[in-house]
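protein-v1.tsv, holding TSV, C-alpha atoms and all ligand atoms:
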```
chain	number	residue	atom	x	y	z
A	1	MET	CA	14.60	17.14	-14.95
A	2	ALA	CA	12.24	14.41	-13.72
A	3	PRO	CA	10.32	15.29	-10.54
A	4	SER	CA	11.80	13.91	-7.33
A	5	LEU	CA	9.83	11.34	-5.33
A	6	LYS	CA	12.18	11.65	-2.34
A	7	THR	CA	10.58	11.89	1.07
A	8	LYS	CA	11.17	11.31	4.77
A	9	VAL	CA	9.21	9.05	7.07
A	10	ALA	CA	10.04	9.40	10.78
A	11	SER	CA	13.04	11.52	9.66
A	12	ILE	CA	14.35	8.54	7.64
A	13	PRO	CA	15.13	9.49	4.03
A	14	LEU	CA	13.46	7.43	1.29
A	15	GLU	CA	14.47	7.68	-2.37
A	16	THR	CA	10.83	7.27	-3.41
A	17	CYS	CA	7.63	7.84	-1.44
A	18	VAL	CA	6.07	4.52	-2.52
A	19	TYR	CA	6.76	1.21	-0.76
A	20	ASN	CA	5.06	-1.96	0.35
A	21	ALA	CA	2.47	-2.49	3.07
A	22	SER	CA	3.10	-5.27	5.53
A	23	GLY	CA	1.00	-8.22	4.34
A	24	PRO	CA	1.03	-10.17	1.09
A	25	ARG	CA	4.40	-10.98	-0.52
A	26	THR	CA	6.36	-9.84	2.54
A	27	GLY	CA	6.75	-13.08	4.50
A	28	SER	CA	10.16	-14.25	3.28
A	29	ALA	CA	13.56	-12.71	2.56
A	30	GLN	CA	13.16	-13.74	-1.07
A	31	ALA	CA	9.85	-11.89	-1.41
A	32	LEU	CA	11.30	-8.82	0.32
A	33	SER	CA	14.33	-8.86	-1.99
A	34	ARG	CA	12.01	-8.44	-4.99
A	35	ILE	CA	10.61	-5.29	-3.37
A	36	SER	CA	14.05	-3.82	-2.70
A	37	ALA	CA	15.07	-4.55	-6.30
A	38	SER	CA	12.17	-2.38	-7.50
A	39	LYS	CA	11.64	1.37	-7.21
A	40	ALA	CA	10.07	0.94	-3.75
A	41	GLY	CA	11.57	3.49	-1.35
A	42	ALA	CA	11.68	1.16	1.67
A	43	VAL	CA	11.06	-2.45	2.61
A	44	LEU	CA	8.59	-3.44	5.34
A	45	ALA	CA	8.48	-7.04	6.56
A	46	LYS	CA	5.37	-9.06	7.38
A	47	SER	CA	3.79	-8.58	10.80
A	48	ALA	CA	5.65	-10.96	13.09
A	49	THR	CA	4.61	-12.84	16.19
A	50	LEU	CA	6.99	-14.13	18.84
A	51	ALA	CA	6.97	-17.66	17.41
A	52	SER	CA	6.37	-18.68	13.82
A	53	GLN	CA	2.80	-19.75	13.05
A	54	THR	CA	0.85	-21.13	10.11
A	55	GLY	CA	-2.30	-18.98	10.46
A	56	ASN	CA	-5.96	-19.74	9.80
A	57	PRO	CA	-7.15	-22.70	7.67
A	58	LEU	CA	-7.48	-22.25	3.88
A	59	PRO	CA	-9.24	-20.72	2.02
A	60	ARG	CA	-8.39	-17.54	3.88
A	61	THR	CA	-8.18	-15.08	0.99
A	62	TRP	CA	-10.67	-13.94	-1.63
A	63	HIS	CA	-10.43	-11.68	-4.70
A	64	HIS	CA	-13.41	-10.15	-6.44
A	65	ASP	CA	-13.14	-11.66	-9.93
A	66	ALA	CA	-14.03	-8.68	-12.11
A	67	GLU	CA	-11.43	-7.82	-14.76
A	68	GLU	CA	-10.44	-4.83	-12.65
A	69	SER	CA	-10.95	-6.36	-9.21
A	70	HIS	CA	-12.39	-3.81	-6.84
A	71	ALA	CA	-11.87	-5.74	-3.66
A	72	SER	CA	-9.97	-8.48	-1.90
A	73	MET	CA	-10.32	-10.01	1.54
A	74	ASN	CA	-8.10	-11.91	3.87
A	75	SER	CA	-8.35	-13.67	7.15
A	76	GLU	CA	-4.90	-15.16	7.29
A	77	GLY	CA	-4.48	-15.20	11.05
A	78	LEU	CA	-0.91	-13.87	10.88
A	79	PRO	CA	1.02	-16.68	9.22
A	80	ASN	CA	4.68	-15.67	9.61
A	81	LEU	CA	8.11	-17.07	10.29
A	82	GLY	CA	8.50	-15.53	13.77
A	83	ILE	CA	10.34	-12.36	14.83
A	84	GLU	CA	13.75	-14.09	15.00
A	85	TYR	CA	13.59	-14.70	11.25
A	86	TYR	CA	12.75	-11.09	10.29
A	87	ILE	CA	15.65	-9.60	12.28
A	88	LYS	CA	18.32	-12.18	11.34
A	89	THR	CA	21.30	-10.69	9.54
A	90	GLU	CA	20.96	-13.27	6.73
A	91	THR	CA	17.31	-12.29	6.22
A	92	ILE	CA	18.15	-8.58	6.04
A	93	ASP	CA	21.17	-9.31	3.76
A	94	GLU	CA	18.87	-11.04	1.29
A	95	ALA	CA	15.93	-8.65	1.76
A	96	ILE	CA	17.75	-5.39	1.02
A	97	SER	CA	21.12	-6.62	-0.27
A	98	ASP	CA	23.31	-3.55	-0.94
A	99	THR	CA	20.45	-1.23	-1.90
A	100	GLY	CA	20.79	0.77	1.32
A	101	LYS	CA	17.01	0.97	1.51
A	102	PRO	CA	15.46	1.39	4.97
A	103	TYR	CA	14.26	-1.94	6.36
A	104	PHE	CA	11.29	-1.82	8.73
A	105	VAL	CA	10.14	-4.67	10.96
A	106	SER	CA	6.43	-5.05	11.75
A	107	ILE	CA	5.21	-6.64	14.98
A	108	SER	CA	1.76	-7.88	15.91
A	109	GLY	CA	2.08	-9.75	19.20
A	110	LYS	CA	-0.75	-11.74	20.77
A	111	ASN	CA	-0.53	-9.35	23.76
A	112	THR	CA	1.60	-6.48	25.09
A	113	ASP	CA	3.98	-8.86	26.77
A	114	ASP	CA	4.73	-10.57	23.45
A	115	ASN	CA	5.18	-7.19	21.76
A	116	MET	CA	7.64	-6.10	24.45
A	117	LYS	CA	9.57	-9.36	24.18
A	118	MET	CA	9.84	-8.88	20.41
A	119	LEU	CA	10.98	-5.28	20.89
A	120	ASP	CA	13.66	-6.49	23.34
A	121	MET	CA	14.89	-8.92	20.69
A	122	ILE	CA	14.94	-6.20	18.02
A	123	TYR	CA	16.85	-3.82	20.30
A	124	GLU	CA	19.35	-6.52	21.22
A	125	LYS	CA	19.94	-7.14	17.51
A	126	ILE	CA	20.46	-3.41	16.88
A	127	LYS	CA	22.83	-3.10	19.88
A	128	THR	CA	24.92	-6.02	18.69
A	129	GLY	CA	25.58	-4.35	15.37
A	130	GLU	CA	22.57	-4.75	13.05
A	131	ALA	CA	22.28	-1.12	12.05
A	132	ARG	CA	19.99	-1.75	9.11
A	133	ILE	CA	16.72	-2.03	11.08
A	134	ALA	CA	15.47	1.50	10.40
A	135	GLY	CA	12.33	1.33	12.52
A	136	VAL	CA	9.49	-0.75	13.89
A	137	GLU	CA	5.84	-0.70	12.86
A	138	LEU	CA	3.53	-1.76	15.68
A	139	ASN	CA	0.31	-3.27	14.35
A	140	LEU	CA	-2.62	-2.18	16.51
A	141	ALA	CA	-5.17	-3.07	13.88
A	142	CYS	CA	-5.21	-6.75	12.95
A	143	PRO	CA	-8.86	-7.81	12.61
A	144	ASN	CA	-8.35	-11.52	11.99
A	145	ILE	CA	-7.28	-13.02	15.28
A	146	ILE	CA	-10.10	-15.11	16.71
A	147	GLY	CA	-11.13	-13.79	20.13
A	148	LYS	CA	-8.91	-10.66	19.91
A	149	PRO	CA	-10.62	-7.37	19.11
A	150	ILE	CA	-8.78	-4.64	17.21
A	151	ILE	CA	-6.66	-2.88	19.86
A	152	ALA	CA	-6.97	0.60	18.38
A	153	TYR	CA	-10.78	0.44	18.59
A	154	ASP	CA	-10.46	0.35	22.38
A	155	PHE	CA	-8.86	3.68	23.26
A	156	GLU	CA	-8.07	2.82	26.89
A	157	GLN	CA	-6.33	-0.37	25.81
A	158	MET	CA	-4.49	1.44	23.02
A	159	ASP	CA	-3.29	4.04	25.53
A	160	SER	CA	-2.08	1.41	27.98
A	161	VAL	CA	-0.27	-0.58	25.25
A	162	LEU	CA	1.48	2.55	23.99
A	163	LYS	CA	2.31	3.66	27.54
A	164	SER	CA	4.19	0.42	28.23
A	165	ILE	CA	5.88	0.26	24.84
A	166	CYS	CA	6.88	3.89	24.56
A	167	ALA	CA	8.66	3.73	27.92
A	168	MET	CA	11.13	1.12	26.63
A	169	PRO	CA	14.77	2.29	26.44
A	170	MET	CA	15.02	1.41	22.75
A	171	PHE	CA	12.65	4.31	22.18
A	172	THR	CA	13.43	6.69	25.07
A	173	GLU	CA	17.21	6.33	24.88
A	174	ALA	CA	18.17	4.84	21.52
A	175	LYS	CA	15.40	6.78	19.76
A	176	ILE	CA	14.51	3.96	17.34
A	177	PRO	CA	11.56	5.32	15.34
A	178	LEU	CA	8.22	3.69	16.10
A	179	GLY	CA	5.35	3.65	13.62
A	180	VAL	CA	1.82	2.49	14.40
A	181	LYS	CA	-0.47	0.69	11.95
A	182	MET	CA	-3.99	2.01	12.50
A	183	PRO	CA	-7.41	0.62	11.65
A	184	PRO	CA	-9.87	2.77	9.71
A	185	TYR	CA	-12.16	5.06	11.66
A	186	PHE	CA	-15.55	6.17	10.43
A	187	ASP	CA	-16.78	8.71	12.94
A	188	GLY	CA	-15.53	12.13	14.05
A	189	PRO	CA	-15.18	11.42	17.78
A	190	HIS	CA	-13.23	8.22	17.07
A	191	TYR	CA	-10.65	10.12	15.01
A	192	ASP	CA	-10.38	12.68	17.82
A	193	ARG	CA	-9.83	10.06	20.51
A	194	ALA	CA	-7.33	8.02	18.50
A	195	ALA	CA	-5.31	11.12	17.59
A	196	ALA	CA	-5.36	12.35	21.20
A	197	VAL	CA	-3.83	9.05	22.36
A	198	LEU	CA	-1.19	9.08	19.62
A	199	ASN	CA	-0.26	12.71	20.33
A	200	LYS	CA	0.48	11.77	23.97
A	201	TYR	CA	3.31	9.57	22.68
A	202	SER	CA	4.69	11.83	19.95
A	203	ASP	CA	8.17	11.67	21.53
A	204	VAL	CA	8.28	8.04	20.41
A	205	VAL	CA	5.56	7.48	17.80
A	206	LYS	CA	7.00	9.00	14.65
A	207	TYR	CA	4.51	7.86	12.05
A	208	VAL	CA	1.09	6.31	11.69
A	209	ALA	CA	0.19	4.09	8.75
A	210	SER	CA	-3.51	4.56	7.99
A	211	ILE	CA	-5.33	2.29	7.21
A	212	ASN	CA	-5.23	-1.42	7.83
A	213	THR	CA	-7.98	-3.50	6.18
A	214	ILE	CA	-11.62	-2.70	6.97
A	215	GLY	CA	-12.23	-5.46	9.48
A	216	ASN	CA	-15.02	-8.00	9.63
A	217	CYS	CA	-16.43	-7.74	6.12
A	218	LEU	CA	-18.08	-10.73	4.43
A	219	ALA	CA	-17.75	-12.12	0.88
A	220	ILE	CA	-20.38	-14.66	-0.22
A	221	ASP	CA	-20.04	-17.54	-2.66
A	222	THR	CA	-23.54	-17.44	-4.17
A	223	VAL	CA	-23.20	-20.79	-5.97
A	224	ALA	CA	-22.46	-22.60	-2.75
A	225	GLU	CA	-24.53	-20.15	-0.66
A	226	MET	CA	-21.77	-19.88	1.93
A	227	PRO	CA	-18.96	-17.49	2.96
A	228	ALA	CA	-16.01	-17.38	0.55
A	229	ILE	CA	-13.53	-17.50	3.45
A	230	ARG	CA	-13.44	-20.37	5.92
A	231	SER	CA	-12.47	-19.06	9.37
A	232	LYS	CA	-14.35	-16.59	11.62
A	233	GLY	CA	-17.64	-17.41	9.85
A	234	GLY	CA	-16.15	-15.78	6.74
A	235	PHE	CA	-15.59	-12.41	8.46
A	236	ALA	CA	-12.38	-10.93	7.08
A	237	GLY	CA	-10.41	-7.76	6.36
A	238	LEU	CA	-11.41	-5.88	3.19
A	239	SER	CA	-8.74	-4.29	0.98
A	240	GLY	CA	-8.26	-3.14	-2.62
A	241	ARG	CA	-9.75	-0.31	-4.66
A	242	ALA	CA	-12.96	-0.30	-2.58
A	243	VAL	CA	-11.15	0.97	0.53
A	244	LYS	CA	-9.32	3.93	-1.05
A	245	TYR	CA	-11.99	6.45	-0.13
A	246	THR	CA	-11.99	5.36	3.52
A	247	ALA	CA	-8.19	5.50	3.51
A	248	LEU	CA	-8.11	9.02	2.05
A	249	ALA	CA	-10.51	10.28	4.71
A	250	ASN	CA	-8.40	8.68	7.44
A	251	VAL	CA	-5.16	10.15	6.08
A	252	LYS	CA	-6.74	13.60	5.81
A	253	LYS	CA	-8.21	13.45	9.33
A	254	MET	CA	-5.06	12.04	10.91
A	255	ARG	CA	-2.92	14.72	9.26
A	256	GLU	CA	-5.26	17.40	10.61
A	257	LEU	CA	-5.35	16.02	14.15
A	258	LEU	CA	-1.83	14.71	14.75
A	259	VAL	CA	1.06	16.91	15.83
A	260	ASP	CA	3.65	17.69	13.15
A	261	ASP	CA	6.20	15.31	14.76
A	262	ILE	CA	4.08	12.35	13.62
A	263	ASP	CA	4.14	11.61	9.89
A	264	VAL	CA	1.18	9.99	8.17
A	265	VAL	CA	1.78	7.14	5.74
A	266	GLY	CA	-1.22	6.51	3.47
A	267	VAL	CA	-2.24	2.93	2.79
A	268	GLY	CA	-5.40	1.44	1.32
A	269	GLY	CA	-6.49	0.98	-2.28
A	270	VAL	CA	-3.47	2.55	-3.96
A	271	TYR	CA	-3.18	1.14	-7.51
A	272	THR	CA	-1.97	4.10	-9.57
A	273	GLY	CA	0.24	7.16	-9.44
A	274	GLU	CA	-2.93	9.22	-9.26
A	275	ASP	CA	-4.05	7.30	-6.13
A	276	ALA	CA	-0.65	8.03	-4.56
A	277	PHE	CA	-0.99	11.69	-5.56
A	278	GLU	CA	-4.39	11.87	-3.80
A	279	MET	CA	-2.92	10.38	-0.61
A	280	ILE	CA	-0.09	12.92	-0.60
A	281	LEU	CA	-2.51	15.80	-1.27
A	282	CYS	CA	-4.37	14.64	1.86
A	283	GLY	CA	-1.14	14.90	3.84
A	284	ALA	CA	0.66	11.55	3.47
A	285	SER	CA	4.47	11.70	3.55
A	286	ALA	CA	4.62	8.33	1.81
A	287	VAL	CA	2.30	5.68	0.46
A	288	GLN	CA	2.26	1.93	1.13
A	289	VAL	CA	0.86	-0.52	-1.42
A	290	GLY	CA	-0.72	-3.80	-0.28
A	291	THR	CA	-3.40	-5.41	-2.44
A	292	CYS	CA	-2.08	-4.05	-5.74
A	293	HIS	CA	1.32	-5.55	-4.83
A	294	TRP	CA	-0.46	-8.81	-4.00
A	295	ASN	CA	-2.19	-8.88	-7.42
A	296	GLU	CA	0.47	-7.39	-9.66
A	297	GLY	CA	3.73	-8.25	-7.95
A	298	PRO	CA	6.65	-5.90	-7.18
A	299	LYS	CA	6.69	-4.33	-10.64
A	300	CYS	CA	3.75	-2.27	-9.36
A	301	PHE	CA	6.23	-0.06	-7.47
A	302	ASP	CA	8.03	0.92	-10.71
A	303	ARG	CA	4.73	1.58	-12.48
A	304	ILE	CA	3.19	3.63	-9.66
A	305	CYS	CA	6.38	5.71	-9.26
A	306	LYS	CA	6.49	6.41	-13.01
A	307	GLU	CA	2.79	7.37	-13.09
A	308	LEU	CA	3.26	9.67	-10.11
A	309	GLU	CA	6.32	11.28	-11.72
A	310	ASP	CA	4.41	11.81	-14.98
A	311	LEU	CA	1.45	13.36	-13.19
A	312	MET	CA	3.74	15.66	-11.18
A	313	ALA	CA	5.59	16.72	-14.34
A	314	LYS	CA	2.27	17.49	-16.06
A	315	LYS	CA	1.22	19.63	-13.12
A	316	GLY	CA	4.61	21.34	-12.87
A	317	TYR	CA	5.53	19.90	-9.47
A	318	SER	CA	9.17	19.04	-8.85
A	319	SER	CA	8.92	17.51	-5.37
A	320	ILE	CA	6.20	16.03	-3.19
A	321	GLU	CA	6.54	18.99	-0.82
A	322	ASP	CA	4.98	21.08	-3.61
A	323	PHE	CA	1.57	19.48	-3.01
A	324	LYS	CA	1.78	17.45	0.20
A	325	GLY	CA	-1.18	18.27	2.47
A	326	LYS	CA	-2.32	20.99	0.09
A	327	LEU	CA	-5.78	19.67	-0.74
A	328	LYS	CA	-7.80	22.77	-1.53
A	329	GLU	CA	-11.22	23.73	-0.23
A	330	TRP	CA	-14.10	22.99	-2.60
A	331	SER	CA	-14.78	26.06	-4.78
A	332	LYS	CA	-16.81	27.11	-7.83
A	333	GLU	CA	-13.54	28.14	-9.51
A	334	GLY	CA	-12.22	24.62	-8.95
A	335	VAL	CA	-15.30	23.09	-10.56
A	336	ALA	CA	-14.96	25.42	-13.56
A	337	LYS	CA	-11.27	24.57	-14.00
A	338	SER	CA	-11.97	20.85	-13.73
A	339	ARG	CA	-14.79	21.08	-16.32
A	340	GLU	CA	-12.54	23.01	-18.68
A	341	VAL	CA	-9.75	20.40	-18.48
A	342	LYS	CA	-12.20	17.50	-18.90
A	343	ALA	CA	-13.83	19.19	-21.94
A	344	ALA	CA	-10.41	19.85	-23.52
A	345	LYS	CA	-9.45	16.19	-23.02
A	346	LYS	CA	-12.74	15.04	-24.56
A	347	LYS	CA	-12.19	17.33	-27.57
A	348	LEU	CA	-8.63	16.06	-28.00
A	349	ALA	CA	-9.87	12.44	-28.02
A	350	LYS	CA	-12.68	13.32	-30.48
A	351	ASP	CA	-10.24	15.15	-32.81
A	352	ALA	CA	-7.84	12.22	-32.70
A	353	THR	CA	-10.65	9.82	-33.72
A	354	ALA	CA	-11.73	12.13	-36.54
A	355	THR	CA	-8.15	12.51	-37.83
A	356	LYS	CA	-7.74	8.74	-37.82
A	357	ALA	CA	-10.99	8.27	-39.77
A	358	SER	CA	-10.11	10.94	-42.39
A	359	SER	CA	-6.48	9.98	-42.88
A	360	GLY	CA	-7.39	6.79	-44.78
A	361	PRO	CA	-6.01	3.35	-44.07
A	362	SER	CA	-2.92	3.08	-41.88
A	363	ALA	CA	0.38	1.64	-43.12
A	364	GLN	CA	-0.50	-1.59	-41.34
A	365	ASP	CA	-3.92	-1.74	-43.08
A	366	GLN	CA	-2.22	-1.12	-46.45
A	367	MET	CA	0.28	-3.92	-45.84
A	368	LEU	CA	-2.53	-6.33	-44.92
A	369	THR	CA	-4.50	-5.42	-48.04
A	370	ALA	CA	-1.43	-5.94	-50.24
A	371	LEU	CA	-0.80	-9.31	-48.63
A	372	LEU	CA	-4.42	-10.35	-49.16
A	373	ILE	CA	-4.29	-9.38	-52.85
A	374	LEU	CA	-1.10	-11.38	-53.26
A	375	VAL	CA	-2.62	-14.49	-51.65
A	376	ILE	CA	-5.75	-14.23	-53.85
A	377	ALA	CA	-3.59	-13.75	-56.94
A	378	VAL	CA	-1.53	-16.85	-56.15
A	379	LEU	CA	-4.67	-18.89	-55.51
A	380	LEU	CA	-6.27	-17.75	-58.77
A	381	ALA	CA	-3.09	-18.36	-60.71
A	382	ASP	CA	-2.96	-21.85	-59.34
A	383	LYS	CA	-6.64	-22.50	-60.15
A	384	PHE	CA	-6.37	-21.30	-63.76
A	385	ASP	CA	-2.92	-22.72	-64.20
A	386	VAL	CA	-1.49	-19.34	-65.24
A	387	ILE	CA	1.85	-20.02	-63.70
A	388	SER	CA	3.35	-23.29	-64.75
A	389	ILE	CA	6.34	-24.52	-62.93
B	401	LIG	C1	-3.38	-10.18	9.17
B	401	LIG	C2	-4.27	-9.24	8.73
B	401	LIG	C3	-4.03	-7.92	8.95
B	401	LIG	O1	-4.88	-6.94	8.53
B	401	LIG	C4	-2.88	-7.54	9.63
B	401	LIG	O2	-2.66	-6.25	9.86
B	401	LIG	C5	-1.98	-8.48	10.06
B	401	LIG	C6	-2.24	-9.81	9.82
B	401	LIG	C7	-3.65	-11.62	8.96
B	401	LIG	O3	-4.81	-12.03	9.00
B	401	LIG	O4	-2.69	-12.37	8.81
```
Whole structure given in structure tokens:
Amino acid sequence: MAPSLKTKVASIPLETCVYNASGPRTGSAQALSRISASKAGAVLAKSATLASQTGNPLPRTWHHDAEESHASMNSEGLPNLGIEYYIKTETIDEAISDTGKPYFVSISGKNTDDNMKMLDMIYEKIKTGEARIAGVELNLACPNIIGKPIIAYDFEQMDSVLKSICAMPMFTEAKIPLGVKMPPYFDGPHYDRAAAVLNKYSDVVKYVASINTIGNCLAIDTVAEMPAIRSKGGFAGLSGRAVKYTALANVKKMRELLVDDIDVVGVGGVYTGEDAFEMILCGASAVQVGTCHWNEGPKCFDRICKELEDLMAKKGYSSIEDFKGKLKEWSKEGVAKSREVKAAKKKLAKDATATKASSGPSAQDQMLTALLILVIAVLLADKFDVISI
């Protein structure tokens, strides 16, 4: 039997533990419908503001142009269709159709007042019969709004925002699950302080998604000798393979420091089933995919799920609970085992090459040779007039 990728985030069951990050390819119902049609376990809409907005001037995105791009950047300035759009019944109908997949709304208001207004609108929608909004992800980590620092880098402000929001009846009474999108941290005391704030609100905050982009990075166009991105002097959020290591550290630390009531969702640099496996080993209950989805499109969810399933099968795991949060301590035995497996793989590859070399030409090579002989024969026959028609 194939391993199961089932999981729960904020007590909500997901058929697979891989789904999209809020960001690229999540701004319209049509884009979201492509995610729900894939193996993604849930659908998360683009971060919304109270009113629709067009965002920062173009160019506002950049991709490293190596064959296997290691990094992307964006400074989009939250272009989105406004909260009303993302909670409309028609939008949700198209986004998840009859898949039954959990639909999450993401909000990133200009201030707490805007966030609370959006939450009021979401709650009103739920109360008047829209049962398919499974939860809300509050973005405390957007680095690209000119003049607005990242909220979750200011722990007093983060505490006061969460205090106001977590007291709202939609959370205290209706128990709608709240998730929080976090920025990356890089220093021990910062992890401690962020986790201490989140733990204060564990009655309401049911998951954290770590990490958002690494804020305020800079890509240079060396031909033009200028920033690759136009707004904010080129300063933008970094994503892609380059951020995976920061994301893993954040997932591991958050899992260690947060109370068990708060799930950790790993996000940042996930491109393969092995990346997802690493996130889960570090304690993630699920994995969101952003930049890979941007580059590859929604078929990435099918591929990553299949790769994760294959890896689990190879390791003899039947569910993600078998290895979730079970990253081992470094040990000499571990190094020896790893060396052994790598050497065996190398030998297998070497043997395969040797077998290929000694087994003579392949059937395809033989066919090509036969075809070549035939062509030469026809040409020669023509030249010497052997065949007369
Ligand atoms: C944008 C970037 C983010 O990292 C985010 O979380 C939300 C919005 C943006 O620039 O649009």
Report as CSV the residues of chain A within 9 Å of ligand LIG 401 (chain B), each with its shortest atom pair and distance in Å (one decimal), using all atoms listed in the file, ordered by chain and increasing residue number.
```
residue,atom,partner,partner_atom,distance
A:Ser22,CA,B:LIG401,O2,7.3
A:Gly23,CA,B:LIG401,C5,6.5
A:Pro24,CA,B:LIG401,O4,8.8
A:Lys46,CA,B:LIG401,C5,7.8
A:Ser47,CA,B:LIG401,C5,5.8
A:Ala48,CA,B:LIG401,C5,8.6
A:Gly55,CA,B:LIG401,O4,6.8
A:Asn56,CA,B:LIG401,O3,7.8
A:Arg60,CA,B:LIG401,O3,8.3
A:Asn74,CA,B:LIG401,O3,6.1
A:Ser75,CA,B:LIG401,O3,4.3
A:Glu76,CA,B:LIG401,O3,3.6
A:Gly77,CA,B:LIG401,O3,3.8
A:Leu78,CA,B:LIG401,O4,3.1
A:Pro79,CA,B:LIG401,O4,5.7
A:Asn80,CA,B:LIG401,O4,8.1
A:Ile107,CA,B:LIG401,C5,8.9
A:Ser108,CA,B:LIG401,C5,7.0
A:Asn139,CA,B:LIG401,O2,6.2
A:Leu140,CA,B:LIG401,O2,7.8
A:Ala141,CA,B:LIG401,O2,5.7
A:Cys142,CA,B:LIG401,O2,4.0
A:Pro143,CA,B:LIG401,O1,5.8
A:Asn144,CA,B:LIG401,O3,4.7
A:Ile145,CA,B:LIG401,O3,6.8
A:Lys181,CA,B:LIG401,O2,7.6
A:Met182,CA,B:LIG401,O2,8.8
A:Pro183,CA,B:LIG401,O2,8.5
A:Asn212,CA,B:LIG401,O1,5.6
A:Thr213,CA,B:LIG401,O1,5.2
A:Ile214,CA,B:LIG401,O1,8.1
A:Gly215,CA,B:LIG401,O1,7.6
A:Ala236,CA,B:LIG401,O3,7.9
A:Gly237,CA,B:LIG401,O1,6.0
A:Leu238,CA,B:LIG401,O1,8.5
A:Ser239,CA,B:LIG401,O1,8.9
```
Legend entry - Interatomic distance, atom CA of Pro59 of chain A to atom CA of Gly240 of chain A (Å, one decimal): 18.2 Å
Inset, instruction - Work out how far atom CA of Ser33 of chain A is from atom CA of Leu308 of chain A, in Å to one decimal. - result: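 That distance, rounded to one decimal, is 23.1 Å.
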Inset, instruction - Rounded to one decimal place, report the atom CA of Ser106 of chain A-atom CA of Glu307 of chain A distance in Å. - result: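 A separation of 28.0 Å between them.
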What box, with edges along x, y and z, holds each listed atom of segment 227-246 of chain A when 6 Å is added on every side, and can you state its centre and edge lengths in Å to one decimal, as AutoDock Vina command-line options?
```
--center_x -13.6 --center_y -7.0 --center_z 3.5 --size_x 22.7 --size_y 38.8 --size_z 28.3
```
Inset, instruction - May I ask which of the residues A:Gly41, A:Gly188, A:Pro57, A:Pro227 is the closest one to Gly100 of chain A, counting only C-alpha atoms? - result: A:Gly41
Inset, instruction - Give the answer as one residue: which of A:Thr128, A:Thr291, A:Gln53, A:Asn199 has the shortest atom-to-atom distance to Lys88 of chain A, using only C-alpha atoms? - result: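 Smallest separation from Lys88 of chain A among the options: A:Thr128.
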Inset, instruction - Rank nothing, just name the residue among A:Val335, A:Glu15, A:Asp159, A:Asp203 nearest to Glu173 of chain A, using all atoms listed in the file. - result: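 Smallest separation from Glu173 of chain A among the options: A:Asp203.
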Legend entry - Nearest candidate to Pro298 of chain A (options A:Ala131, A:Ala40, A:Val204, A:Ala10; using all atoms listed in the file):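 Going through A:Ala131, A:Ala40, A:Val204, A:Ala10 one by one, the smallest distance to Pro298 of chain A is for A:Ala40.
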Mind checking which residues fall within 7 Å of Gly135 of chain A, counting all atoms listed in the file, ignoring those fewer than 2 positions away in the same chain, and posting them as a tab-separated table (two decimals) with C-alpha atoms, in the frame of the given file?
```tsv
chain	number	residue	atom	x	y	z
A	104	PHE	CA	11.29	-1.82	8.73
A	105	VAL	CA	10.14	-4.67	10.96
A	133	ILE	CA	16.72	-2.03	11.08
A	137	GLU	CA	5.84	-0.70	12.86
A	176	ILE	CA	14.51	3.96	17.34
A	177	PRO	CA	11.56	5.32	15.34
A	178	LEU	CA	8.22	3.69	16.10
```
Which residues are near Val264 of chain A? Cut-off 12 Å, all atoms listed in the file, ignore same chain within fewer than 3 positions. Put them as a CSV table (one decimal) with C-alpha atoms, in the coordinates of the input.
```
chain,number,residue,atom,x,y,z
A,7,THR,CA,10.6,11.9,1.1
A,8,LYS,CA,11.2,11.3,4.8
A,9,VAL,CA,9.2,9.0,7.1
A,10,ALA,CA,10.0,9.4,10.8
A,17,CYS,CA,7.6,7.8,-1.4
A,179,GLY,CA,5.4,3.6,13.6
A,180,VAL,CA,1.8,2.5,14.4
A,181,LYS,CA,-0.5,0.7,12.0
A,182,MET,CA,-4.0,2.0,12.5
A,195,ALA,CA,-5.3,11.1,17.6
A,198,LEU,CA,-1.2,9.1,19.6
A,205,VAL,CA,5.6,7.5,17.8
A,206,LYS,CA,7.0,9.0,14.6
A,207,TYR,CA,4.5,7.9,12.0
A,208,VAL,CA,1.1,6.3,11.7
A,209,ALA,CA,0.2,4.1,8.8
A,210,SER,CA,-3.5,4.6,8.0
A,211,ILE,CA,-5.3,2.3,7.2
A,247,ALA,CA,-8.2,5.5,3.5
A,248,LEU,CA,-8.1,9.0,2.0
A,250,ASN,CA,-8.4,8.7,7.4
A,251,VAL,CA,-5.2,10.2,6.1
A,252,LYS,CA,-6.7,13.6,5.8
A,253,LYS,CA,-8.2,13.4,9.3
A,254,MET,CA,-5.1,12.0,10.9
A,255,ARG,CA,-2.9,14.7,9.3
A,256,GLU,CA,-5.3,17.4,10.6
A,257,LEU,CA,-5.4,16.0,14.2
A,258,LEU,CA,-1.8,14.7,14.8
A,259,VAL,CA,1.1,16.9,15.8
A,260,ASP,CA,3.6,17.7,13.2
A,261,ASP,CA,6.2,15.3,14.8
A,267,VAL,CA,-2.2,2.9,2.8
A,279,MET,CA,-2.9,10.4,-0.6
A,280,ILE,CA,-0.1,12.9,-0.6
A,281,LEU,CA,-2.5,15.8,-1.3
A,282,CYS,CA,-4.4,14.6,1.9
A,283,GLY,CA,-1.1,14.9,3.8
A,284,ALA,CA,0.7,11.6,3.5
A,285,SER,CA,4.5,11.7,3.6
A,286,ALA,CA,4.6,8.3,1.8
A,287,VAL,CA,2.3,5.7,0.5
A,288,GLN,CA,2.3,1.9,1.1
A,324,LYS,CA,1.8,17.4,0.2
A,325,GLY,CA,-1.2,18.3,2.5
```
Legend entry - Close residues, Pro169 of chain A itself excluded, 12 Å, only C-alpha atoms, min 2 positions apart in chain, as a PyMOL selection string: chain A and resi 116+119-120+122-124+127+164-167+171-177+204
